[in-house]
Amino acid sequence: MDSFSPSTQLRAKLSALFHGGKLPHALLIEGGTQQQRAAAARYVAQMMHCLEPTPFPCGVCRACKKSEADSNPDTLIIEKPEDKAAFKKETVKEITSDAYVLPNESEVKVYVFLEFQYMRPESQNVLLKTLEEPPERARFILTADSLNSLIPTVQSRVTPVNIGYSQQSPVLEQVREIADGIAECVASSDEYSLLKSTAVLEKEKQLVQPVLEYLLLIFRDAAVCRAGGTSMTTDGEIAKKLASSVQQKNLAGLVSGIQELEAAIQRNANSTLLLTRLCSTLYGKAHE
Ligand SMILES: [Zn+2]
């Protein structure tokens, strides 16, 4: 089971989706980690079933108890089979007819599709009709790494909620600041400042991995931005700068370069060497 439970801030954000007591028919939870997305989706499902008239799930009513035990008969969690690369089209078809069957106990029936990026476009198309004209008492919650994983027609039918780095904590702030600084130097191709901006990590070795992860998000955003997309995980400022100064193939090189460094961390590579490698990777990949 997920040990993650949404932070107070995130719960407030999700509860704010209740505009006058009504949630959108289809919601997309993007950003954050896979576990965070799944937990947020379960939280929203619980919120939809709660019997108390509060903006938050009360946690004590019969419906909440069942949701928390993952045994609410009106919440269906759909995932791709473990041994398959994608959701099964037949499963998606079954859901589209099941959505017309009334809920067992609750006001609504909630279908949670976890990690929707694993749904092939043809299957997404099967679901599209149901999203366009949703049965009165059916609700859909999708989770995905990014809105861009959905085909445009499905994108236009869901209300996206980004749960990524909006949940701020002091450490996260610090990680973000360092990563932004580094990315800024990559954008301006200033090698000396780049050395200086990564030097901070010599004293803060525990931040190396989170900084790399955040850099990865920035570079991915820059690639999205360069390709004309608008859905970003970070605040997008630095990503836009990068998109205008670094070529698409070099952005892809930066992404794979960071991934290689992350793999090196997994192998317990020497951290001083790692930082040297970080600098040469960032400078080299951005300008080769
Ligand atoms: Zn409740």
# chains A, B, ... in the order shown; residues from 1 in each chain; ligands from 1

call {"tool": "closest_atom_pairs", "arguments": {"of": "chain A", "to": "ligand 1", "cutoff": "6 Å", "atoms": "only C-alpha atoms and all ligand atoms", "output": "JSON lines"}}
result
{"residue": "A:Cys50", "atom": "CA", "partner": "ligand 1", "partner_atom_place_in_ligand_line": "1 (Zn)", "distance": 3.7}
{"residue": "A:Leu51", "atom": "CA", "partner": "ligand 1", "partner_atom_place_in_ligand_line": "1 (Zn)", "distance": 5.0}
{"residue": "A:Glu52", "atom": "CA", "partner": "ligand 1", "partner_atom_place_in_ligand_line": "1 (Zn)", "distance": 5.3}
{"residue": "A:Pro57", "atom": "CA", "partner": "ligand 1", "partner_atom_place_in_ligand_line": "1 (Zn)", "distance": 4.7}
{"residue": "A:Cys58", "atom": "CA", "partner": "ligand 1", "partner_atom_place_in_ligand_line": "1 (Zn)", "distance": 3.9}
{"residue": "A:Gly59", "atom": "CA", "partner": "ligand 1", "partner_atom_place_in_ligand_line": "1 (Zn)", "distance": 4.8}
{"residue": "A:Val60", "atom": "CA", "partner": "ligand 1", "partner_atom_place_in_ligand_line": "1 (Zn)", "distance": 5.4}
{"residue": "A:Cys61", "atom": "CA", "partner": "ligand 1", "partner_atom_place_in_ligand_line": "1 (Zn)", "distance": 4.2}
{"residue": "A:Ala63", "atom": "CA", "partner": "ligand 1", "partner_atom_place_in_ligand_line": "1 (Zn)", "distance": 5.8}
{"residue": "A:Cys64", "atom": "CA", "partner": "ligand 1", "partner_atom_place_in_ligand_line": "1 (Zn)", "distance": 4.3}

call {"tool": "residues_around", "arguments": {"residues": "Arg137 in chain A", "least_positions_apart": "2", "cutoff": "12 Å", "atoms": "only C-alpha atoms", "output": "count of residues only"}}
result
28

call {"tool": "closest_residue", "arguments": {"among": "A:Leu195, A:Leu131, A:Ala183, A:Gly31", "to": "Val158 in chain A", "atoms": "only C-alpha atoms"}}
result
A:Leu131

call {"tool": "select_by_dssp", "arguments": {"residues": "range 43-255 of chain A", "states": "alpha helix (DSSP H)", "output": "PyMOL selection string"}}
result
chain A and resi 43-49+62-68+89-98+121-132+152-155+170-188+191-203+208-226+237-245+248-255

call {"tool": "residues_around", "arguments": {"residues": "Ile218 in chain A", "least_positions_apart": "4", "cutoff": "7 Å", "atoms": "only C-alpha atoms", "output": "list of chain:residue names"}}
result
A:Tyr214, A:Ala222, A:Thr234, A:Ala239

call {"tool": "residues_around", "arguments": {"residues": "range 249-264 of chain A", "least_positions_apart": "2", "cutoff": "6 Å", "atoms": "only C-alpha atoms", "output": "JSON, numbers by chain"}}
result
{"A": [216, 247, 266, 267, 269, 285, 286]}

call {"tool": "select_by_dssp", "arguments": {"residues": "range 30-168 of chain A", "states": "strand (DSSP E)", "output": "PyMOL selection string"}}
result
chain A and resi 30+75-78+109-113+138-144+159-162
